[in-house]
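Have a look at the structure below before the remarks.
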Amino acid sequence: MKTSRRRSREFALQGLYQWQLAGTDPATIARQLGDAKGFDKIDAGYFKVLLEGTVAAAAELERAIAPHLDREFSRLSPVERGILLLAGYELLHQPEVPFRAVINEAVELAKSYGGTDGYKYVNGVLDKLAARLRAAETRE
């Protein structure tokens, strides 16, 4: 069963996809997604934090993620970019969410929405990113 937080991440990923492809602002995206089927089952506050926060911090997040990639950030699929940005935001700005939960949720999103083996790539990148951004927590 999907938790309201997982649903929030799914909607945030949809919003990030739209933002990347169309450049739509987060407020407009949030309004549009608010009418979507299933939106009433999400943690709307967390969705808003994720979408707005990830978009606002995108440049910073891309710089943090880039050293852990085997290609340019722009060459990733929009889904993988969105998942990595979203998880990067949670790792950096949502310290109350355990790093393992962030990675697990990102892997689940990649399995559902990404390419065939995209989840393995996402997992590898986020393992390295978490080790850097949450060094103390990952050592425990």
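In the structure tokens, the first chain shown is A, the next is B, and so on; residue numbers restart at 1 for each chain, and ligands run from 1 in the order shown.
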
Checklist line | Shell of 10 Å around Asp127 in chain A, only C-alpha atoms, local chain residues under 3 positions omitted, as a PyMOL selection string | finding: chain A and resi 68+99-100+103+121-124+130-132+138

Closest atom pairs, range 23-49 of chain A residues within 12 Å of range 84-98 of chain A, only C-alpha atoms, as CSV:
residue,atom,partner,partner_atom,distance
A:Tyr46,CA,A:Gln94,CA,10.3
A:Phe47,CA,A:Leu86,CA,10.7
A:Val49,CA,A:Gln94,CA,9.6

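The coordinates place CA of Leu50 in chain A at 25.3 Å from CA of Thr116 in chain A.
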
Checklist line | In chain A, DSSP helix (DSSP H, G or I) residues written as an NGL selection string | finding: :A and (4-22 or 26-34 or 39-41 or 44-56 or 58-68 or 73-75 or 78-93 or 99-113 or 118-133 or 135-139)

Check: Counting only C-alpha atoms, what is within 9 Å of Arg7 in chain A, bar same-chain residues fewer than 3 positions away, as number ranges by chain?
Finding: A: 2-4, 10-12, 38-39, 41-43, 47

Export, as a JSON list (two decimals), in the first residue's frame, the selected residues with all heavy atoms.
[["chain", "number", "residue", "atom", "x", "y", "z"],
["A", 2, "LYS", "N", 0.48, 2.21, -0.77],
["A", 2, "LYS", "CA", 1.24, 3.45, -0.87],
["A", 2, "LYS", "C", 0.90, 4.40, 0.27],
["A", 2, "LYS", "O", -0.26, 4.62, 0.57],
["A", 2, "LYS", "CB", 0.95, 4.16, -2.19],
["A", 2, "LYS", "CG", 1.49, 3.43, -3.39],
["A", 2, "LYS", "CD", 1.23, 4.22, -4.65],
["A", 2, "LYS", "CE", 1.71, 3.45, -5.85],
["A", 2, "LYS", "NZ", 1.44, 4.16, -7.08],
["A", 3, "THR", "N", 1.94, 4.96, 0.87],
["A", 3, "THR", "CA", 1.72, 5.95, 1.93],
["A", 3, "THR", "C", 1.41, 7.31, 1.29],
["A", 3, "THR", "O", 1.67, 7.53, 0.11],
["A", 3, "THR", "CB", 2.99, 6.09, 2.80],
["A", 3, "THR", "OG1", 4.04, 6.60, 1.99],
["A", 3, "THR", "CG2", 3.40, 4.76, 3.41],
["A", 4, "SER", "N", 0.89, 8.23, 2.10],
["A", 4, "SER", "CA", 0.61, 9.57, 1.58],
["A", 4, "SER", "C", 1.91, 10.27, 1.17],
["A", 4, "SER", "O", 1.93, 11.06, 0.24],
["A", 4, "SER", "CB", -0.15, 10.40, 2.61],
["A", 4, "SER", "OG", 0.63, 10.59, 3.77],
["A", 10, "GLU", "N", 5.41, 10.94, -5.77],
["A", 10, "GLU", "CA", 4.99, 10.65, -7.15],
["A", 10, "GLU", "C", 4.46, 11.91, -7.83],
["A", 10, "GLU", "O", 4.82, 12.19, -8.98],
["A", 10, "GLU", "CB", 3.92, 9.55, -7.17],
["A", 10, "GLU", "CG", 4.46, 8.18, -6.84],
["A", 10, "GLU", "CD", 3.38, 7.11, -6.81],
["A", 10, "GLU", "OE1", 2.18, 7.43, -6.71],
["A", 10, "GLU", "OE2", 3.76, 5.93, -6.88],
["A", 11, "PHE", "N", 3.63, 12.64, -7.13],
["A", 11, "PHE", "CA", 3.10, 13.88, -7.71],
["A", 11, "PHE", "C", 4.20, 14.92, -7.88],
["A", 11, "PHE", "O", 4.23, 15.65, -8.87],
["A", 11, "PHE", "CB", 1.94, 14.43, -6.88],
["A", 11, "PHE", "CG", 0.61, 13.81, -7.24],
["A", 11, "PHE", "CD1", 0.08, 12.77, -6.51],
["A", 11, "PHE", "CD2", -0.12, 14.29, -8.32],
["A", 11, "PHE", "CE1", -1.14, 12.19, -6.84],
["A", 11, "PHE", "CE2", -1.34, 13.72, -8.67],
["A", 11, "PHE", "CZ", -1.85, 12.67, -7.93],
["A", 12, "ALA", "N", 5.11, 15.00, -6.92],
["A", 12, "ALA", "CA", 6.23, 15.94, -7.05],
["A", 12, "ALA", "C", 7.08, 15.58, -8.27],
["A", 12, "ALA", "O", 7.52, 16.46, -9.01],
["A", 12, "ALA", "CB", 7.08, 15.95, -5.78],
["A", 38, "GLY", "N", -6.45, 11.07, -7.40],
["A", 38, "GLY", "CA", -5.57, 10.59, -6.35],
["A", 38, "GLY", "C", -4.87, 11.68, -5.55],
["A", 38, "GLY", "O", -4.25, 11.40, -4.53],
["A", 39, "PHE", "N", -4.98, 12.93, -6.00],
["A", 39, "PHE", "CA", -4.28, 14.01, -5.30],
["A", 39, "PHE", "C", -4.80, 14.18, -3.87],
["A", 39, "PHE", "O", -4.05, 14.55, -2.98],
["A", 39, "PHE", "CB", -4.40, 15.34, -6.07],
["A", 39, "PHE", "CG", -3.46, 16.41, -5.57],
["A", 39, "PHE", "CD1", -2.16, 16.47, -6.03],
["A", 39, "PHE", "CD2", -3.88, 17.35, -4.63],
["A", 39, "PHE", "CE1", -1.28, 17.45, -5.57],
["A", 39, "PHE", "CE2", -3.01, 18.33, -4.16],
["A", 39, "PHE", "CZ", -1.71, 18.38, -4.64],
["A", 41, "LYS", "N", -5.31, 12.01, -1.81],
["A", 41, "LYS", "CA", -4.74, 10.98, -0.92],
["A", 41, "LYS", "C", -3.29, 11.28, -0.54],
["A", 41, "LYS", "O", -2.65, 10.46, 0.11],
["A", 41, "LYS", "CB", -4.81, 9.61, -1.59],
["A", 41, "LYS", "CG", -6.23, 9.11, -1.79],
["A", 41, "LYS", "CD", -6.21, 7.69, -2.35],
["A", 41, "LYS", "CE", -7.58, 7.07, -2.38],
["A", 41, "LYS", "NZ", -8.37, 7.48, -3.52],
["A", 42, "ILE", "N", -2.77, 12.43, -0.96],
["A", 42, "ILE", "CA", -1.37, 12.72, -0.67],
["A", 42, "ILE", "C", -1.23, 13.63, 0.55],
["A", 42, "ILE", "O", -2.20, 14.21, 1.02],
["A", 42, "ILE", "CB", -0.65, 13.37, -1.88],
["A", 42, "ILE", "CG1", -1.04, 14.84, -2.07],
["A", 42, "ILE", "CG2", -0.91, 12.58, -3.16],
["A", 42, "ILE", "CD1", -0.16, 15.60, -3.02],
["A", 43, "ASP", "N", 0.00, 13.74, 1.02],
["A", 43, "ASP", "CA", 0.37, 14.71, 2.05],
["A", 43, "ASP", "C", 0.65, 16.01, 1.27],
["A", 43, "ASP", "O", 1.75, 16.21, 0.77],
["A", 43, "ASP", "CB", 1.61, 14.21, 2.80],
["A", 43, "ASP", "CG", 2.11, 15.18, 3.85],
["A", 43, "ASP", "OD1", 1.82, 16.40, 3.76],
["A", 43, "ASP", "OD2", 2.81, 14.73, 4.77],
["A", 47, "PHE", "N", 4.11, 17.54, -0.42],
["A", 47, "PHE", "CA", 4.20, 17.70, -1.88],
["A", 47, "PHE", "C", 4.67, 19.11, -2.22],
["A", 47, "PHE", "O", 5.58, 19.30, -3.03],
["A", 47, "PHE", "CB", 2.84, 17.42, -2.52],
["A", 47, "PHE", "CG", 2.68, 18.01, -3.90],
["A", 47, "PHE", "CD1", 3.28, 17.42, -5.00],
["A", 47, "PHE", "CD2", 1.95, 19.18, -4.09],
["A", 47, "PHE", "CE1", 3.15, 17.98, -6.27],
["A", 47, "PHE", "CE2", 1.81, 19.75, -5.34],
["A", 47, "PHE", "CZ", 2.41, 19.14, -6.44]]

Note to self: Which residues are close to range 13-27 of chain A, i.e. within 10 Å by only C-alpha atoms, leaving aside same-chain residues fewer than 3 positions away? Reply as a PyMOL selection string.
What the structure shows: chain A and resi 7-10+30-33+47-48+50-56+77-86+106+109+113

Take the residues from that selection and write them out as a PDB file, in the first residue's frame, keeping N, CA and C atoms.
ATOM      1  N   ARG A   7       2.928   8.935  -2.268  1.00  0.00           N
ATOM      2  CA  ARG A   7       2.082   9.593  -3.277  1.00  0.00           C
ATOM      3  C   ARG A   7       2.531  11.045  -3.495  1.00  0.00           C
ATOM      4  N   SER A   8       2.929  11.712  -2.417  1.00  0.00           N
ATOM      5  CA  SER A   8       3.427  13.090  -2.535  1.00  0.00           C
ATOM      6  C   SER A   8       4.655  13.129  -3.438  1.00  0.00           C
ATOM      7  N   ARG A   9       5.546  12.146  -3.255  1.00  0.00           N
ATOM      8  CA  ARG A   9       6.757  12.086  -4.087  1.00  0.00           C
ATOM      9  C   ARG A   9       6.398  11.805  -5.548  1.00  0.00           C
ATOM     10  N   GLU A  10       5.409  10.941  -5.774  1.00  0.00           N
ATOM     11  CA  GLU A  10       4.990  10.645  -7.147  1.00  0.00           C
ATOM     12  C   GLU A  10       4.460  11.906  -7.834  1.00  0.00           C
ATOM     13  N   ALA A  30       1.354  22.913  -9.327  1.00  0.00           N
ATOM     14  CA  ALA A  30       0.635  22.441  -8.137  1.00  0.00           C
ATOM     15  C   ALA A  30      -0.875  22.585  -8.325  1.00  0.00           C
ATOM     16  N   ARG A  31      -1.289  23.709  -8.911  1.00  0.00           N
ATOM     17  CA  ARG A  31      -2.729  23.910  -9.174  1.00  0.00           C
ATOM     18  C   ARG A  31      -3.246  22.850 -10.143  1.00  0.00           C
ATOM     19  N   GLN A  32      -2.494  22.597 -11.213  1.00  0.00           N
ATOM     20  CA  GLN A  32      -2.922  21.612 -12.210  1.00  0.00           C
ATOM     21  C   GLN A  32      -2.978  20.211 -11.611  1.00  0.00           C
ATOM     22  N   LEU A  33      -1.951  19.840 -10.856  1.00  0.00           N
ATOM     23  CA  LEU A  33      -1.923  18.508 -10.266  1.00  0.00           C
ATOM     24  C   LEU A  33      -2.967  18.358  -9.167  1.00  0.00           C
ATOM     25  N   PHE A  47       4.110  17.537  -0.420  1.00  0.00           N
ATOM     26  CA  PHE A  47       4.203  17.704  -1.877  1.00  0.00           C
ATOM     27  C   PHE A  47       4.673  19.114  -2.225  1.00  0.00           C
ATOM     28  N   LYS A  48       4.060  20.107  -1.601  1.00  0.00           N
ATOM     29  CA  LYS A  48       4.390  21.512  -1.868  1.00  0.00           C
ATOM     30  C   LYS A  48       5.844  21.806  -1.491  1.00  0.00           C
ATOM     31  N   LEU A  50       8.301  19.640  -1.337  1.00  0.00           N
ATOM     32  CA  LEU A  50       9.174  18.938  -2.281  1.00  0.00           C
ATOM     33  C   LEU A  50       9.242  19.645  -3.627  1.00  0.00           C
ATOM     34  N   LEU A  51       8.089  19.969  -4.193  1.00  0.00           N
ATOM     35  CA  LEU A  51       8.074  20.577  -5.523  1.00  0.00           C
ATOM     36  C   LEU A  51       8.750  21.949  -5.507  1.00  0.00           C
ATOM     37  N   GLU A  52       8.292  22.825  -4.626  1.00  0.00           N
ATOM     38  CA  GLU A  52       8.852  24.182  -4.590  1.00  0.00           C
ATOM     39  C   GLU A  52      10.308  24.176  -4.168  1.00  0.00           C
ATOM     40  N   GLY A  53      10.638  23.369  -3.170  1.00  0.00           N
ATOM     41  CA  GLY A  53      12.001  23.309  -2.669  1.00  0.00           C
ATOM     42  C   GLY A  53      12.974  22.767  -3.700  1.00  0.00           C
ATOM     43  N   THR A  54      12.570  21.705  -4.395  1.00  0.00           N
ATOM     44  CA  THR A  54      13.448  21.093  -5.397  1.00  0.00           C
ATOM     45  C   THR A  54      13.686  22.051  -6.556  1.00  0.00           C
ATOM     46  N   VAL A  55      12.648  22.701  -7.033  1.00  0.00           N
ATOM     47  CA  VAL A  55      12.810  23.658  -8.128  1.00  0.00           C
ATOM     48  C   VAL A  55      13.721  24.813  -7.691  1.00  0.00           C
ATOM     49  N   ALA A  56      13.477  25.348  -6.485  1.00  0.00           N
ATOM     50  CA  ALA A  56      14.279  26.472  -5.995  1.00  0.00           C
ATOM     51  C   ALA A  56      15.749  26.098  -5.824  1.00  0.00           C
ATOM     52  N   SER A  77      17.724  10.907 -18.486  1.00  0.00           N
ATOM     53  CA  SER A  77      16.328  11.085 -18.883  1.00  0.00           C
ATOM     54  C   SER A  77      15.671  12.074 -17.914  1.00  0.00           C
ATOM     55  N   PRO A  78      14.623  12.776 -18.357  1.00  0.00           N
ATOM     56  CA  PRO A  78      13.939  13.707 -17.452  1.00  0.00           C
ATOM     57  C   PRO A  78      13.418  13.015 -16.194  1.00  0.00           C
ATOM     58  N   VAL A  79      13.046  11.741 -16.296  1.00  0.00           N
ATOM     59  CA  VAL A  79      12.552  11.008 -15.127  1.00  0.00           C
ATOM     60  C   VAL A  79      13.698  10.798 -14.135  1.00  0.00           C
ATOM     61  N   GLU A  80      14.840  10.320 -14.626  1.00  0.00           N
ATOM     62  CA  GLU A  80      15.988  10.106 -13.733  1.00  0.00           C
ATOM     63  C   GLU A  80      16.466  11.414 -13.130  1.00  0.00           C
ATOM     64  N   ARG A  81      16.515  12.466 -13.930  1.00  0.00           N
ATOM     65  CA  ARG A  81      16.907  13.789 -13.402  1.00  0.00           C
ATOM     66  C   ARG A  81      15.953  14.207 -12.294  1.00  0.00           C
ATOM     67  N   GLY A  82      14.664  14.061 -12.549  1.00  0.00           N
ATOM     68  CA  GLY A  82      13.657  14.443 -11.560  1.00  0.00           C
ATOM     69  C   GLY A  82      13.797  13.660 -10.265  1.00  0.00           C
ATOM     70  N   ILE A  83      14.010  12.355 -10.392  1.00  0.00           N
ATOM     71  CA  ILE A  83      14.155  11.506  -9.203  1.00  0.00           C
ATOM     72  C   ILE A  83      15.408  11.905  -8.420  1.00  0.00           C
ATOM     73  N   LEU A  84      16.519  12.122  -9.122  1.00  0.00           N
ATOM     74  CA  LEU A  84      17.761  12.493  -8.437  1.00  0.00           C
ATOM     75  C   LEU A  84      17.643  13.867  -7.783  1.00  0.00           C
ATOM     76  N   LEU A  85      16.996  14.812  -8.451  1.00  0.00           N
ATOM     77  CA  LEU A  85      16.785  16.136  -7.848  1.00  0.00           C
ATOM     78  C   LEU A  85      15.909  16.029  -6.607  1.00  0.00           C
ATOM     79  N   LEU A  86      14.829  15.286  -6.720  1.00  0.00           N
ATOM     80  CA  LEU A  86      13.895  15.117  -5.606  1.00  0.00           C
ATOM     81  C   LEU A  86      14.586  14.477  -4.401  1.00  0.00           C
ATOM     82  N   ALA A 106      13.249   6.739  -3.741  1.00  0.00           N
ATOM     83  CA  ALA A 106      13.746   7.100  -5.080  1.00  0.00           C
ATOM     84  C   ALA A 106      13.852   5.864  -5.968  1.00  0.00           C
ATOM     85  N   LEU A 109      10.410   4.923  -7.106  1.00  0.00           N
ATOM     86  CA  LEU A 109       9.964   5.816  -8.183  1.00  0.00           C
ATOM     87  C   LEU A 109      10.623   5.424  -9.501  1.00  0.00           C
ATOM     88  N   TYR A 113       8.612   4.475 -12.783  1.00  0.00           N
ATOM     89  CA  TYR A 113       8.521   5.484 -13.851  1.00  0.00           C
ATOM     90  C   TYR A 113       9.748   5.569 -14.754  1.00  0.00           C
TER      91      TYR A 113
END

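Relative to CA of Glu72 in chain A, CA of Arg139 in chain A is found at 28.6 Å.
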
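When CA of Ala64 in chain A is paired with CA of Ala135 in chain A, their separation reads 14.0 Å.
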